[in-house]
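Just below is one structure, and these are the notes that go with it.
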Amino acid sequence: MSQQQIFIDSLDNDWGRYVAHFQAFSPAEQEKFLKKQGYARLADLLAHVTAWWLLCLHDLGEFIETGEYHAGEVDLDAFNATAVRDFKHLAETAVIQSFEHTREALLDLLQNLPEAAWQNPEITKRLEMEITGHYAEHAI
């Protein structure tokens, strides 16, 4: 399976079923899972993932426009705190919608990413971190 297909498969199957798998847990299991992940609510965890995906979409969009890839320096703790804060005012359903919309945008991008991107090890490493690696960190 190609790297592209691995990432698409993860977005379709792992991340695509993420919310449903979480919602299938009992309230006690949900609370235990979120505590282990370090988040107070599912919306906070999804906000975190969504924010990283949005940054990835931005960076890859610039690559498509310019042919150059630059991932900026990110203060991880500050970025994660800002992501949760920026989504805090939204109801869980709105955060889920944003998560799904962003997941679909990332899927679309991956399906149309130029071949030059797949030859760039920085880009493939970034996609691994954002998709399969991130799922491994937050797997249900």
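Letters A, B, ... mark the chains of the structure tokens in the order given; residue numbers begin at 1 per chain; ligand numbers begin at 1, in order shown.
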
Closest-contact table, segment 77-134 of chain A side, partner segment 55-59 of chain A, 10 Å, counting only C-alpha atoms, as CSV:
```
residue,atom,partner,partner_atom,distance
A:Thr102,CA,A:Leu57,CA,8.7
A:Ala105,CA,A:Leu57,CA,8.0
A:Leu106,CA,A:Leu57,CA,6.6
A:Leu109,CA,A:Leu57,CA,7.8
A:Leu110,CA,A:Leu57,CA,9.8
A:Ile123,CA,A:Asp59,CA,9.4
A:Arg126,CA,A:Cys56,CA,7.8
A:Leu127,CA,A:Cys56,CA,7.9
A:Glu130,CA,A:Cys56,CA,7.5
```

Could those residues be written to a file, using N, CA and C atoms, as a short mmCIF file (atom, residue, chain, number, x, y, z; two decimals), in the first residue's frame?
```
data_model
loop_
_atom_site.label_atom_id
_atom_site.label_comp_id
_atom_site.auth_asym_id
_atom_site.auth_seq_id
_atom_site.Cartn_x
_atom_site.Cartn_y
_atom_site.Cartn_z
N THR A 102 -12.91 19.40 8.30
CA THR A 102 -11.46 19.48 8.13
C THR A 102 -10.89 18.13 7.69
N ALA A 105 -11.59 17.85 4.06
CA ALA A 105 -10.70 18.72 3.30
C ALA A 105 -9.30 18.10 3.17
N LEU A 106 -8.84 17.49 4.24
CA LEU A 106 -7.53 16.84 4.21
C LEU A 106 -7.56 15.63 3.28
N LEU A 109 -7.41 16.97 -0.22
CA LEU A 109 -6.05 17.42 -0.52
C LEU A 109 -5.14 16.23 -0.83
N LEU A 110 -5.21 15.19 0.00
CA LEU A 110 -4.35 14.02 -0.22
C LEU A 110 -4.62 13.36 -1.55
N ILE A 123 7.39 16.44 3.73
CA ILE A 123 5.93 16.41 3.61
C ILE A 123 5.38 15.06 4.05
N ARG A 126 5.51 14.87 7.74
CA ARG A 126 4.47 15.71 8.32
C ARG A 126 3.12 15.00 8.26
N LEU A 127 2.80 14.41 7.13
CA LEU A 127 1.53 13.71 7.00
C LEU A 127 1.46 12.51 7.94
N GLU A 130 0.75 13.98 11.39
CA GLU A 130 -0.59 14.55 11.52
C GLU A 130 -1.71 13.51 11.42
#
```

Practice task
Could you give me, as a list in words, the residues within 12 Å of Lys88 of chain A, counting only C-alpha atoms and dropping anything in the same chain fewer than 6 positions from it?
Solution key: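 That gives Tyr39, Ala40, Arg41, Leu42, Ala43, Asp44, Leu45, Leu46, Ala47, His48, Ala81, Thr82, Ala94 and Val95 of chain A.
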
Handout entry: Best match for closeness to Glu100 of chain A among A:Leu54, A:Ala136, A:Ile64, A:Ala116, counting only C-alpha atoms
Key =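 Closest candidate: A:Leu54.
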
Within 8 Å of segment 1-12 of chain A, counting only C-alpha atoms, which residues show up once you throw out same-chain ones fewer than 4 positions away? Write them as a PDB file with N, CA and C atoms, in the first residue's frame, please.
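Below is the file result33.pdb, written as the result:
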```pdb
ATOM      1  N   GLY A  16     -12.294   8.604  10.550  1.00  0.00           N
ATOM      2  CA  GLY A  16     -13.677   8.679  10.080  1.00  0.00           C
ATOM      3  C   GLY A  16     -14.674   8.025  11.023  1.00  0.00           C
ATOM      4  N   ARG A  17     -14.211   7.110  11.833  1.00  0.00           N
ATOM      5  CA  ARG A  17     -15.083   6.414  12.787  1.00  0.00           C
ATOM      6  C   ARG A  17     -14.809   6.840  14.230  1.00  0.00           C
ATOM      7  N   ARG A 103     -11.424  17.041   8.241  1.00  0.00           N
ATOM      8  CA  ARG A 103     -10.993  15.700   7.835  1.00  0.00           C
ATOM      9  C   ARG A 103     -11.275  15.495   6.344  1.00  0.00           C
ATOM     10  N   LEU A 107      -8.641  14.873   3.309  1.00  0.00           N
ATOM     11  CA  LEU A 107      -8.798  13.753   2.374  1.00  0.00           C
ATOM     12  C   LEU A 107      -8.739  14.241   0.931  1.00  0.00           C
ATOM     13  N   LEU A 110      -5.210  15.194  -0.004  1.00  0.00           N
ATOM     14  CA  LEU A 110      -4.348  14.024  -0.216  1.00  0.00           C
ATOM     15  C   LEU A 110      -4.615  13.360  -1.553  1.00  0.00           C
ATOM     16  N   GLN A 111      -5.865  13.334  -1.964  1.00  0.00           N
ATOM     17  CA  GLN A 111      -6.221  12.690  -3.222  1.00  0.00           C
ATOM     18  C   GLN A 111      -5.758  13.502  -4.425  1.00  0.00           C
ATOM     19  N   TRP A 118       4.741  13.916  -2.741  1.00  0.00           N
ATOM     20  CA  TRP A 118       4.983  12.544  -2.266  1.00  0.00           C
ATOM     21  C   TRP A 118       6.465  12.187  -2.336  1.00  0.00           C
ATOM     22  N   THR A 124       5.996  13.985   3.613  1.00  0.00           N
ATOM     23  CA  THR A 124       5.481  12.673   4.011  1.00  0.00           C
ATOM     24  C   THR A 124       5.649  12.456   5.518  1.00  0.00           C
ATOM     25  N   LEU A 127       2.804  14.415   7.134  1.00  0.00           N
ATOM     26  CA  LEU A 127       1.527  13.713   6.997  1.00  0.00           C
ATOM     27  C   LEU A 127       1.464  12.513   7.942  1.00  0.00           C
ATOM     28  N   GLU A 128       2.586  11.834   8.102  1.00  0.00           N
ATOM     29  CA  GLU A 128       2.615  10.713   9.041  1.00  0.00           C
ATOM     30  C   GLU A 128       2.345  11.219  10.454  1.00  0.00           C
ATOM     31  N   ILE A 131      -1.480  12.442  10.697  1.00  0.00           N
ATOM     32  CA  ILE A 131      -2.576  11.494  10.444  1.00  0.00           C
ATOM     33  C   ILE A 131      -2.364  10.195  11.215  1.00  0.00           C
ATOM     34  N   THR A 132      -1.452   9.350  10.775  1.00  0.00           N
ATOM     35  CA  THR A 132      -1.308   8.039  11.423  1.00  0.00           C
ATOM     36  C   THR A 132      -0.627   8.152  12.782  1.00  0.00           C
TER      37      THR A 132
END
```

Exercise for the section: Quick one: everything within 9 Å of segment 18-23 of chain A, counting only C-alpha atoms, minus sequence neighbours fewer than 2 positions away in the same chain. Send it as a PyMOL selection string. Expected result: chain A and resi 13-16+25-27+29-30+33+42+46+96+139-140

Practice task
For atom CA of Asp86 of chain A and atom CA of Leu34 of chain A, determine how far apart the two atoms are, in Å to one decimal place.
Solution key: 18.8 Å

Practice task
Using DSSP on the backbone, list every residue of segment 69-128 of chain A that comes out as alpha helix (DSSP H), and give them as a PyMOL selection string.
Solution key: chain A and resi 76-87+92-112+115-118+121-127

Atoms kept (C-alpha atoms) for selection, written as a compact mmCIF listing (two decimals), in the first residue's frame:
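Below is the file out28.txt, written as the result:
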```txt
# COMPACT_ATOMS: atom_id res chain seq x y z
CA LEU A 76 3.42 22.73 21.05
CA ASP A 77 1.94 23.57 24.45
CA ALA A 78 0.83 27.05 23.40
CA PHE A 79 -0.59 25.77 20.10
CA ASN A 80 -2.58 23.02 21.82
CA ALA A 81 -3.88 25.39 24.52
CA THR A 82 -4.93 27.93 21.88
CA ALA A 83 -6.70 25.24 19.86
CA VAL A 84 -8.80 24.17 22.84
CA ARG A 85 -9.48 27.78 23.84
CA ASP A 86 -10.55 28.77 20.30
CA PHE A 87 -13.15 25.98 20.20
CA GLU A 92 -19.77 19.60 20.87
CA THR A 93 -21.88 19.13 17.73
CA ALA A 94 -20.30 22.22 16.15
CA VAL A 95 -16.79 20.99 17.00
CA ILE A 96 -17.62 17.58 15.53
CA GLN A 97 -18.82 19.32 12.34
CA SER A 98 -15.59 21.30 12.15
CA PHE A 99 -13.54 18.15 12.74
CA GLU A 100 -15.43 16.29 9.98
CA HIS A 101 -15.20 19.20 7.55
CA THR A 102 -11.46 19.48 8.13
CA ARG A 103 -10.99 15.70 7.83
CA GLU A 104 -12.80 15.76 4.48
CA ALA A 105 -10.70 18.72 3.30
CA LEU A 106 -7.53 16.84 4.21
CA LEU A 107 -8.80 13.75 2.37
CA ASP A 108 -9.50 15.86 -0.70
CA LEU A 109 -6.05 17.42 -0.52
CA LEU A 110 -4.35 14.02 -0.22
CA GLN A 111 -6.22 12.69 -3.22
CA ASN A 112 -5.08 15.66 -5.30
CA GLU A 115 3.49 13.86 -7.14
CA ALA A 116 6.29 16.22 -6.09
CA ALA A 117 4.78 16.32 -2.61
CA TRP A 118 4.98 12.54 -2.27
CA PRO A 121 10.38 13.45 2.78
CA GLU A 122 9.48 16.49 4.92
CA ILE A 123 5.93 16.41 3.61
CA THR A 124 5.48 12.67 4.01
CA LYS A 125 6.89 12.89 7.54
CA ARG A 126 4.47 15.71 8.32
CA LEU A 127 1.53 13.71 7.00
```

Problem - Option closest in space to Met129 of chain A, from A:Gln37, A:Lys32, A:Val49, A:Glu62 [counting only C-alpha atoms] - result: A:Val49

Completion exercise
Between A:His70, A:Gln119, A:Glu137, A:Phe63, smallest distance to Lys36 of chain A by only C-alpha atoms belongs to A:Glu137
